[in-house]
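Engineer: Next comes model-v4.cif, mmCIF, C-alpha atoms and all ligand atoms:
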```cif
data_start
#
loop_
_atom_site.label_atom_id
_atom_site.label_comp_id
_atom_site.auth_asym_id
_atom_site.auth_seq_id
_atom_site.Cartn_x
_atom_site.Cartn_y
_atom_site.Cartn_z
CA MET B 823 -3.50 -7.00 13.85
CA ILE B 824 -1.92 -5.26 10.86
CA GLY B 825 1.57 -6.39 9.81
CA ILE B 826 3.78 -3.93 7.93
CA PHE B 827 7.23 -4.54 6.50
CA ASP B 828 9.98 -2.87 4.52
CA SER B 829 13.70 -3.33 3.92
CA GLY B 830 14.21 -0.74 6.65
CA ALA B 831 12.57 2.23 8.32
CA GLY B 832 11.09 3.56 5.05
CA GLY B 833 7.77 1.77 5.51
CA LEU B 834 7.12 4.02 8.50
CA SER B 835 6.24 6.73 5.94
CA VAL B 836 3.34 4.46 4.99
CA PHE B 837 2.50 3.64 8.62
CA ARG B 838 2.32 7.43 9.26
CA GLU B 839 -0.54 7.67 6.73
CA ILE B 840 -2.21 4.41 7.79
CA ARG B 841 -2.35 5.59 11.40
CA LYS B 842 -4.38 8.63 10.29
CA VAL B 843 -7.17 6.48 8.82
CA LEU B 844 -6.91 3.58 11.31
CA PRO B 845 -5.96 5.27 14.60
CA GLN B 846 -7.18 2.53 16.91
CA GLU B 847 -5.74 -0.65 15.44
CA GLN B 848 -2.85 -2.83 16.59
CA TYR B 849 0.30 -2.88 14.41
CA ILE B 850 3.44 -4.91 14.07
CA TYR B 851 6.27 -3.43 11.98
CA PHE B 852 9.27 -5.36 10.67
CA SER B 853 12.38 -3.60 9.34
CA ASP B 854 14.67 -5.96 7.41
CA ASN B 855 17.65 -3.68 7.83
CA ALA B 856 20.15 -6.54 8.13
CA HIS B 857 19.38 -7.07 4.41
CA CYS B 858 18.85 -3.43 3.41
CA PRO B 859 18.90 -2.04 0.74
CA TYR B 860 16.71 -4.27 -1.44
CA GLY B 861 17.05 -1.94 -4.45
CA GLU B 862 19.83 -3.80 -6.29
CA LYS B 863 19.09 -7.32 -5.01
CA SER B 864 17.72 -10.14 -7.16
CA ARG B 865 14.02 -10.94 -7.35
CA GLU B 866 14.64 -14.39 -5.82
CA TYR B 867 16.48 -12.88 -2.86
CA ILE B 868 13.64 -10.46 -2.13
CA ILE B 869 10.96 -13.15 -2.49
CA ASP B 870 12.88 -15.28 0.00
CA ARG B 871 13.10 -12.39 2.50
CA ALA B 872 9.41 -11.55 1.99
CA ARG B 873 8.43 -15.15 2.80
CA HIS B 874 10.53 -15.18 6.00
CA ILE B 875 9.08 -11.87 7.15
CA THR B 876 5.52 -12.91 6.30
CA GLU B 877 5.90 -16.04 8.41
CA PHE B 878 7.29 -14.02 11.29
CA LEU B 879 4.41 -11.52 11.11
CA LEU B 880 1.84 -14.33 10.90
CA SER B 881 3.42 -16.02 13.95
CA LYS B 882 2.90 -12.77 15.86
CA GLY B 883 -0.78 -12.61 14.91
CA ALA B 884 -0.90 -10.42 11.77
CA GLU B 885 -4.19 -10.85 9.88
CA ILE B 886 -3.36 -8.61 6.93
CA ILE B 887 0.05 -7.45 5.66
CA VAL B 888 1.10 -4.17 4.09
CA VAL B 889 4.18 -4.57 1.91
CA ALA B 890 5.34 -1.01 2.62
CA CYS B 891 8.15 -1.27 0.10
CA ASN B 892 7.87 -0.62 -3.64
CA THR B 893 10.79 -2.93 -4.44
CA ALA B 894 9.36 -5.86 -2.46
CA THR B 895 5.87 -5.24 -3.86
CA ALA B 896 7.20 -5.42 -7.41
CA ALA B 897 9.32 -8.51 -6.73
CA ALA B 898 7.23 -10.57 -4.33
CA ILE B 899 3.59 -9.59 -3.81
CA ALA B 900 2.21 -11.90 -6.52
CA ASP B 901 3.99 -14.89 -4.93
CA LEU B 902 2.90 -13.91 -1.41
CA ARG B 903 -0.73 -13.62 -2.54
CA ARG B 904 -0.53 -17.07 -4.13
CA GLU B 905 1.17 -18.74 -1.17
CA TYR B 906 -0.56 -17.33 1.92
CA GLY B 907 -4.25 -17.21 2.76
CA ILE B 908 -4.41 -13.57 3.83
CA ARG B 909 -4.72 -10.21 2.05
CA PHE B 910 -1.56 -8.29 1.09
CA ILE B 911 -1.64 -4.57 0.34
CA GLY B 912 1.22 -3.29 -1.81
CA MET B 913 2.66 0.00 -3.03
CA GLU B 914 1.56 1.42 -6.38
CA PRO B 915 3.75 3.77 -8.43
CA ALA B 916 1.73 7.02 -8.43
CA ILE B 917 1.93 7.70 -12.18
CA LYS B 918 -1.79 8.40 -12.57
CA PRO B 919 -2.07 11.30 -10.07
CA ALA B 920 1.26 12.65 -11.31
CA ALA B 921 0.06 12.65 -14.93
CA GLN B 922 -3.01 14.63 -13.80
CA CYS B 923 -0.89 17.09 -11.86
CA THR B 924 1.92 18.07 -14.25
CA ARG B 925 1.76 21.37 -16.11
CA THR B 926 5.05 21.01 -17.99
CA GLY B 927 3.96 17.57 -19.28
CA THR B 928 7.02 15.91 -17.77
CA VAL B 929 6.86 13.72 -14.68
CA GLY B 930 9.99 12.57 -12.84
CA VAL B 931 10.04 9.26 -11.00
CA LEU B 932 12.54 8.51 -8.25
CA ALA B 933 12.69 4.84 -7.24
CA THR B 934 15.08 1.94 -6.77
CA ALA B 935 16.55 0.02 -9.72
CA GLY B 936 14.46 -3.01 -8.68
CA THR B 937 11.24 -1.02 -8.93
CA LEU B 938 12.09 0.75 -12.20
CA ASN B 939 13.07 -2.51 -13.91
CA ALA B 940 9.99 -4.45 -12.78
CA ASP B 941 7.04 -5.27 -15.05
CA LYS B 942 4.65 -3.89 -12.46
CA TYR B 943 6.14 -0.41 -12.84
CA LYS B 944 6.44 -0.64 -16.63
CA ASN B 945 2.80 -1.72 -16.96
CA THR B 946 1.59 1.14 -14.74
CA ARG B 947 3.60 3.63 -16.76
CA GLU B 948 2.17 2.26 -20.01
CA LYS B 949 -1.37 2.47 -18.68
CA PHE B 950 -1.40 5.94 -17.11
CA ALA B 951 1.28 8.01 -18.81
CA ASP B 952 -0.89 8.86 -21.79
CA GLY B 953 0.52 11.96 -23.51
CA ILE B 954 2.93 12.63 -20.64
CA ARG B 955 6.70 12.25 -20.74
CA ILE B 956 8.08 10.17 -17.90
CA VAL B 957 11.72 10.46 -16.87
CA GLU B 958 13.25 8.24 -14.23
CA HIS B 959 16.21 8.15 -11.92
CA VAL B 960 17.35 5.85 -9.12
CA GLY B 961 17.51 7.75 -5.85
CA GLN B 962 21.18 6.86 -5.45
CA GLY B 963 22.16 6.83 -1.79
CA PHE B 964 18.73 8.00 -0.55
CA VAL B 965 17.95 4.83 1.43
CA GLU B 966 21.34 5.04 3.18
CA LEU B 967 20.66 8.68 4.15
CA VAL B 968 17.34 7.73 5.76
CA GLU B 969 18.70 4.64 7.52
CA SER B 970 21.54 6.73 8.99
CA GLY B 971 19.23 9.58 10.02
CA LYS B 972 20.95 12.12 7.74
CA THR B 973 17.83 13.42 6.03
CA ILE B 974 18.76 17.12 6.14
CA GLY B 975 22.01 19.05 5.70
CA LYS B 976 24.77 19.37 3.14
CA GLU B 977 25.38 15.65 2.51
CA ALA B 978 21.66 14.99 2.03
CA GLU B 979 21.30 17.96 -0.33
CA GLU B 980 24.28 16.91 -2.46
CA THR B 981 23.10 13.30 -2.66
CA VAL B 982 19.52 14.33 -3.52
CA GLY B 983 20.78 16.85 -6.10
CA ARG B 984 22.68 14.18 -8.04
CA SER B 985 19.52 12.13 -8.70
CA LEU B 986 16.89 14.89 -8.72
CA GLY B 987 18.94 17.29 -10.89
CA PRO B 988 18.69 15.22 -14.11
CA LEU B 989 14.88 14.95 -13.75
CA LEU B 990 14.49 18.70 -13.26
CA ALA B 991 16.86 19.35 -16.19
CA GLU B 992 14.46 17.32 -18.35
CA GLY B 993 11.65 19.71 -17.38
CA ALA B 994 9.88 17.68 -14.68
CA ASP B 995 7.58 19.69 -12.40
CA THR B 996 6.06 16.67 -10.63
CA ILE B 997 8.18 14.15 -8.78
CA VAL B 998 6.81 10.72 -7.86
CA LEU B 999 8.40 9.17 -4.79
CA GLY B 1000 8.59 5.52 -5.83
CA CYS B 1001 10.33 4.26 -2.71
CA THR B 1002 8.93 4.44 0.81
CA HIS B 1003 12.20 5.75 2.23
CA TYR B 1004 12.08 8.88 0.06
CA PRO B 1005 9.21 10.76 1.82
CA PHE B 1006 11.62 11.22 4.75
CA LEU B 1007 13.73 13.30 2.33
CA ALA B 1008 10.78 15.41 1.11
CA ASP B 1009 11.98 18.63 2.80
CA THR B 1010 15.44 18.23 1.28
CA ILE B 1011 13.95 17.39 -2.15
CA ARG B 1012 11.83 20.58 -1.96
CA LYS B 1013 14.82 22.67 -0.90
CA VAL B 1014 17.10 21.31 -3.63
CA ALA B 1015 14.38 21.76 -6.29
CA SER B 1016 13.86 25.39 -5.26
CA GLN B 1017 17.61 25.97 -5.65
CA LEU B 1018 17.98 24.14 -8.97
CA VAL B 1019 14.82 25.48 -10.67
CA PRO B 1020 13.86 28.60 -8.65
CA GLY B 1021 10.94 29.66 -10.83
CA ARG B 1022 9.30 26.26 -11.15
CA HIS B 1023 6.67 24.99 -8.74
CA VAL B 1024 7.61 21.35 -8.12
CA THR B 1025 4.98 18.99 -6.69
CA ILE B 1026 6.01 15.85 -4.82
CA ILE B 1027 3.67 12.87 -5.01
CA ASP B 1028 3.74 10.18 -2.31
CA PRO B 1029 1.43 7.18 -2.89
CA ALA B 1030 1.17 6.38 0.86
CA PRO B 1031 -2.17 8.20 1.52
CA ALA B 1032 -3.81 6.23 -1.33
CA VAL B 1033 -2.38 2.97 0.02
CA ALA B 1034 -3.77 3.82 3.48
CA SER B 1035 -7.28 4.45 2.06
CA HIS B 1036 -7.13 1.20 0.13
CA LEU B 1037 -6.12 -0.68 3.31
CA LEU B 1038 -9.09 0.84 5.16
CA GLU B 1039 -11.48 -0.36 2.42
CA VAL B 1040 -10.02 -3.88 2.46
CA MET B 1041 -10.15 -4.02 6.29
CA LYS B 1042 -13.87 -3.18 6.13
CA GLU B 1043 -14.51 -5.70 3.36
CA GLU B 1044 -12.73 -8.47 5.28
CA ASN B 1045 -14.26 -7.57 8.67
CA LEU B 1046 -10.83 -7.03 10.16
CA LEU B 1047 -11.47 -3.76 11.99
CA LYS B 1048 -10.82 -4.16 15.71
CA PRO B 1049 -10.54 -0.66 17.15
CA VAL B 1050 -9.51 -0.37 20.78
CA PRO B 1051 -10.57 2.70 22.80
CA GLU B 1052 -7.05 3.45 24.07
CA GLY B 1053 -5.75 4.06 20.51
CA TYR B 1054 -3.24 2.27 18.32
CA GLY B 1055 -0.39 0.12 19.57
CA ILE B 1056 2.71 -0.83 17.62
CA SER B 1057 5.48 -3.38 18.13
CA LEU B 1058 8.69 -2.66 16.24
CA TYR B 1059 11.02 -5.46 15.11
CA SER B 1060 14.24 -5.31 13.18
CA SER B 1061 16.48 -8.01 11.67
CA GLY B 1062 19.54 -5.87 12.42
CA ASP B 1063 20.40 -2.78 14.42
CA PRO B 1064 17.11 -1.38 15.80
CA ALA B 1065 18.54 2.16 16.20
CA ALA B 1066 17.54 3.39 12.72
CA LEU B 1067 13.99 2.15 13.15
CA GLU B 1068 13.60 3.68 16.59
CA ARG B 1069 15.10 7.01 15.48
CA THR B 1070 12.77 7.23 12.48
CA PHE B 1071 9.77 6.14 14.54
CA ASN B 1072 10.50 8.84 17.12
CA SER B 1073 10.72 11.44 14.33
CA LEU B 1074 7.12 10.64 13.32
CA GLN B 1075 5.96 12.40 16.48
CA CYS B 1076 3.34 9.78 17.16
CA PRO B 1077 0.75 10.94 19.66
N1 LIG Z 1 11.77 1.29 0.88
C1 LIG Z 1 11.97 0.45 -0.23
C2 LIG Z 1 11.13 0.75 -1.42
O1 LIG Z 1 10.06 1.28 -1.26
C3 LIG Z 1 13.25 -0.26 -0.44
C4 LIG Z 1 14.48 0.54 -0.56
C5 LIG Z 1 15.68 -0.37 -0.60
O2 LIG Z 1 15.83 -1.17 0.30
O3 LIG Z 1 16.45 -0.29 -1.58
O4 LIG Z 1 11.47 0.44 -2.53
#
```
As a first step, turn the structure in this file into structure tokens.
Structural biologist:
Amino acid sequence: MIGIFDSGAGGLSVFREIRKVLPQEQYIYFSDNAHCPYGEKSREYIIDRARHITEFLLSKGAEIIVVACNTATAAAIADLRREYGIRFIGMEPAIKPAAQCTRTGTVGVLATAGTLNADKYKNTREKFADGIRIVEHVGQGFVELVESGKTIGKEAEETVGRSLGPLLAEGADTIVLGCTHYPFLADTIRKVASQLVPGRHVTIIDPAPAVASHLLEVMKEENLLKPVPEGYGISLYSSGDPAALERTFNSLQCP
């Protein structure tokens, strides 16, 4: 069984991609929305939450865990890997594909403060941003929009515009989504970009498909594949109000 967790419903954007490459596995998803957002919380706080959630997922039979949260990956995955005897798959900031994609030479990264301040992100940027200018902005209020189901409309567009606008003004034509909640705002991000810079083709990069392929490889390596003929099954758990998780899950249009 594959365990997946995030501070909220955002990790379902990763599950959506995982399901495409592993359509017959069993999943358990934990949304820590009683403690959401993680973005501005201390490293110690997030490590503590990650341990609690890991133990819960293990108690339910998870054999591998996807930390479907950039902030928790940056804060806690090294400790989790040291402390528990299973494999953990984390989120990677997609600087490398973005650097290959940009034509203006400027890449914009949207992520939480926790992710942008972490060594993991800084090291990735150092390694892959060769010759490319990277500009960053916290997606202020984005997580709240997704958790409240307001991913389209005037409020979403205004909120997105406040964080995306500065990146576009710097010349970015490629936007890395460095938080798993943000893919649920992709349509709004596209719409706002087309209004703010009408002549510029803006590409959005979501690392989730690469994370899903990596998970598949690790599952094969570790002999963890257990496909069932009737297709995937998923149990959803939430530390707080389950409504946000259920609403987002239903919007995935799972077969
Ligand atoms: N979805 C998360 C991430 O990928 C966390 C967002 C938050 O709770 O601030 O970073």
Engineer: Please identify every polymer residue within 10 Å of ligand LIG 1 (chain Z), using only C-alpha atoms and all ligand atoms, and present the set as a VMD selection string.
Structural biologist: chain B and resid 827 to 836 853 to 855 857 to 863 868 889 to 896 912 to 915 932 to 938 960 to 966 968 to 969 999 to 1005
Engineer: For Ser1035 (chain B), find every residue with an atom within 10 Å (counting all atoms listed in the file), except residues of its own chain fewer than 4 positions away, and show them as an NGL selection string.
Structural biologist: :B and (839-840 or 842-844 or 1030-1031 or 1039-1041)
Engineer: Find the residues around Ala1015 (chain B) up to 10 Å (only C-alpha atoms counted), leave out those fewer than 2 positions away in its own chain, and share them as JSON, numbers by chain.
Structural biologist: {"B": [979, 982, 983, 986, 987, 990, 995, 1009, 1010, 1011, 1012, 1013, 1017, 1018, 1019, 1020, 1021, 1022, 1023, 1024, 1025]}
Engineer: By how many Å are CA of Gly930 (chain B) and CA of Asp1028 (chain B) apart?
Structural biologist: 12.5 Å
Engineer: In Å, with one decimal, what is the gap from CA of Glu992 (chain B) to CA of Val1014 (chain B)?
Structural biologist: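 Here the two named atoms are 15.5 Å from each other.
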Engineer: Extract, using all atoms listed in the file, all DNA, RNA and protein residues at most 9 Å from Leu1037 (chain B), discarding same-chain residues fewer than 4 positions from it, and format them as a PyMOL selection string.
Structural biologist: chain B and resi 840+888+911+1032-1033+1041-1042
Engineer: Can you write out the residues you just picked, keeping C-alpha atoms, as a PDB file, keeping the file's coordinate frame?
Structural biologist:
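Everything below was put into out_37.pdb:
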```pdb
ATOM      1  CA  ILE B 840      -2.210   4.410   7.790  1.00  0.00           C
ATOM      2  CA  VAL B 888       1.100  -4.170   4.090  1.00  0.00           C
ATOM      3  CA  ILE B 911      -1.640  -4.570   0.340  1.00  0.00           C
ATOM      4  CA  ALA B1032      -3.810   6.230  -1.330  1.00  0.00           C
ATOM      5  CA  VAL B1033      -2.380   2.970   0.020  1.00  0.00           C
ATOM      6  CA  MET B1041     -10.150  -4.020   6.290  1.00  0.00           C
ATOM      7  CA  LYS B1042     -13.870  -3.180   6.130  1.00  0.00           C
TER       8      LYS B1042
END
```
Engineer: Provide the CA of Tyr906 (chain B) to CA of Arg871 (chain B) distance in Å, to one decimal place.
Structural biologist: 14.5 Å
Engineer: I want to know what sits within 10 Å of Phe1071 (chain B), based on all atoms listed in the file, with residues of the same chain fewer than 3 positions away left out; could you give that as a list of chain:residue names?
Structural biologist: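 Once the adjacent positions are removed, what remains is B:Ala831, B:Gly832, B:Leu834, B:Ser835, B:Phe837, B:Arg838, B:Leu1058, B:Ala1065, B:Ala1066, B:Leu1067, B:Glu1068, B:Leu1074, B:Gln1075, B:Cys1076.
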Engineer: With all atoms listed in the file as the counted atoms, please give the residues lying no more than 7 Å from Arg947 (chain B), apart from itself and same-chain residues fewer than 4 positions off, as JSON, numbers by chain.
Structural biologist: {"B": [917, 943, 951]}
Engineer: May I have the residues from that selection written out with C-alpha atoms, as a CSV table (one decimal), keeping the file's coordinate frame?
Structural biologist:
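This went into out-v2.csv:
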```csv
chain,number,residue,atom,x,y,z
B,917,ILE,CA,1.9,7.7,-12.2
B,943,TYR,CA,6.1,-0.4,-12.8
B,951,ALA,CA,1.3,8.0,-18.8
```
Engineer: Counting only C-alpha atoms, which residue out of B:Ile1026, B:Ala898, B:Ile850, B:Ala884 sits closest to Ala994 (chain B)?
Structural biologist: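 Looking only at the distances to Ala994 (chain B), the closest residue turns out to be B:Ile1026.
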Engineer: Could you tell me which of B:Leu880, B:Ile824, B:Ala921, B:Ala940 comes closest to Arg865 (chain B) if we count only C-alpha atoms?
Structural biologist: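 Of the candidates, the smallest distance to Arg865 (chain B) is held by B:Ala940.
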Engineer: Take every atom of region 1006-1011 of chain B listed in the file, pad by 8 Å on each side, and give me the axis-aligned box centre and edge lengths in Å, one decimal, as AutoDock Vina command-line options.
Structural biologist:
```
--center_x 13.1 --center_y 14.9 --center_z 1.3 --size_x 20.7 --size_y 23.4 --size_z 22.9
```
Engineer: Nearest to Pro919 (chain B): which of B:Thr946, B:Glu885, B:Ser1057, B:Thr876 is it, counting only C-alpha atoms?
Structural biologist: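 Nearest candidate to Pro919 (chain B) out of B:Thr946, B:Glu885, B:Ser1057, B:Thr876: B:Thr946.
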Engineer: Which residue is closest to Thr928 (chain B)? Choose from B:Ile887, B:Ala991, B:Ile974, B:Leu967 and count all atoms listed in the file.
Structural biologist: B:Ala991
Engineer: Starting from the incomplete input, reconstruct N, CA and C atoms of region 965-982 of chain B and write that as an mmCIF file, keeping the file's coordinate frame.
Structural biologist:
```cif
data_model
loop_
_atom_site.group_PDB
_atom_site.id
_atom_site.type_symbol
_atom_site.label_atom_id
_atom_site.label_comp_id
_atom_site.auth_asym_id
_atom_site.auth_seq_id
_atom_site.Cartn_x
_atom_site.Cartn_y
_atom_site.Cartn_z
ATOM 1 N N VAL B 965 18.331 5.774 0.371
ATOM 2 C CA VAL B 965 17.950 4.830 1.430
ATOM 3 C C VAL B 965 18.984 4.903 2.567
ATOM 4 N N GLU B 966 20.265 4.980 2.182
ATOM 5 C CA GLU B 966 21.340 5.040 3.180
ATOM 6 C C GLU B 966 21.216 6.317 4.023
ATOM 7 N N LEU B 967 20.847 7.427 3.388
ATOM 8 C CA LEU B 967 20.660 8.680 4.150
ATOM 9 C C LEU B 967 19.579 8.496 5.216
ATOM 10 N N VAL B 968 18.466 7.884 4.822
ATOM 11 C CA VAL B 968 17.340 7.730 5.760
ATOM 12 C C VAL B 968 17.713 6.755 6.869
ATOM 13 N N GLU B 969 18.348 5.638 6.501
ATOM 14 C CA GLU B 969 18.700 4.640 7.520
ATOM 15 C C GLU B 969 19.727 5.203 8.514
ATOM 16 N N SER B 970 20.545 6.173 8.056
ATOM 17 C CA SER B 970 21.540 6.730 8.990
ATOM 18 C C SER B 970 21.056 8.025 9.636
ATOM 19 N N GLY B 971 19.811 8.401 9.358
ATOM 20 C CA GLY B 971 19.230 9.580 10.020
ATOM 21 C C GLY B 971 19.743 10.905 9.469
ATOM 22 N N LYS B 972 20.407 10.866 8.284
ATOM 23 C CA LYS B 972 20.950 12.120 7.740
ATOM 24 C C LYS B 972 20.029 12.690 6.669
ATOM 25 N N THR B 973 18.815 13.025 7.045
ATOM 26 C CA THR B 973 17.830 13.420 6.030
ATOM 27 C C THR B 973 17.887 14.910 5.666
ATOM 28 N N ILE B 974 18.583 15.698 6.482
ATOM 29 C CA ILE B 974 18.760 17.120 6.140
ATOM 30 C C ILE B 974 20.246 17.473 6.236
ATOM 31 N N GLY B 975 20.609 18.602 5.631
ATOM 32 C CA GLY B 975 22.010 19.050 5.700
ATOM 33 C C GLY B 975 22.706 18.890 4.360
ATOM 34 N N LYS B 976 23.989 19.281 4.371
ATOM 35 C CA LYS B 976 24.770 19.370 3.140
ATOM 36 C C LYS B 976 24.883 18.026 2.403
ATOM 37 N N GLU B 977 25.213 16.968 3.160
ATOM 38 C CA GLU B 977 25.380 15.650 2.510
ATOM 39 C C GLU B 977 24.080 15.202 1.854
ATOM 40 N N ALA B 978 22.969 15.382 2.578
ATOM 41 C CA ALA B 978 21.660 14.990 2.030
ATOM 42 C C ALA B 978 21.350 15.799 0.775
ATOM 43 N N GLU B 979 21.620 17.096 0.824
ATOM 44 C CA GLU B 979 21.300 17.960 -0.330
ATOM 45 C C GLU B 979 22.142 17.582 -1.547
ATOM 46 N N GLU B 980 23.419 17.283 -1.323
ATOM 47 C CA GLU B 980 24.280 16.910 -2.460
ATOM 48 C C GLU B 980 23.836 15.575 -3.060
ATOM 49 N N THR B 981 23.530 14.625 -2.179
ATOM 50 C CA THR B 981 23.100 13.300 -2.660
ATOM 51 C C THR B 981 21.785 13.429 -3.431
ATOM 52 N N VAL B 982 20.829 14.149 -2.857
ATOM 53 C CA VAL B 982 19.520 14.330 -3.520
ATOM 54 C C VAL B 982 19.715 15.043 -4.856
#
```
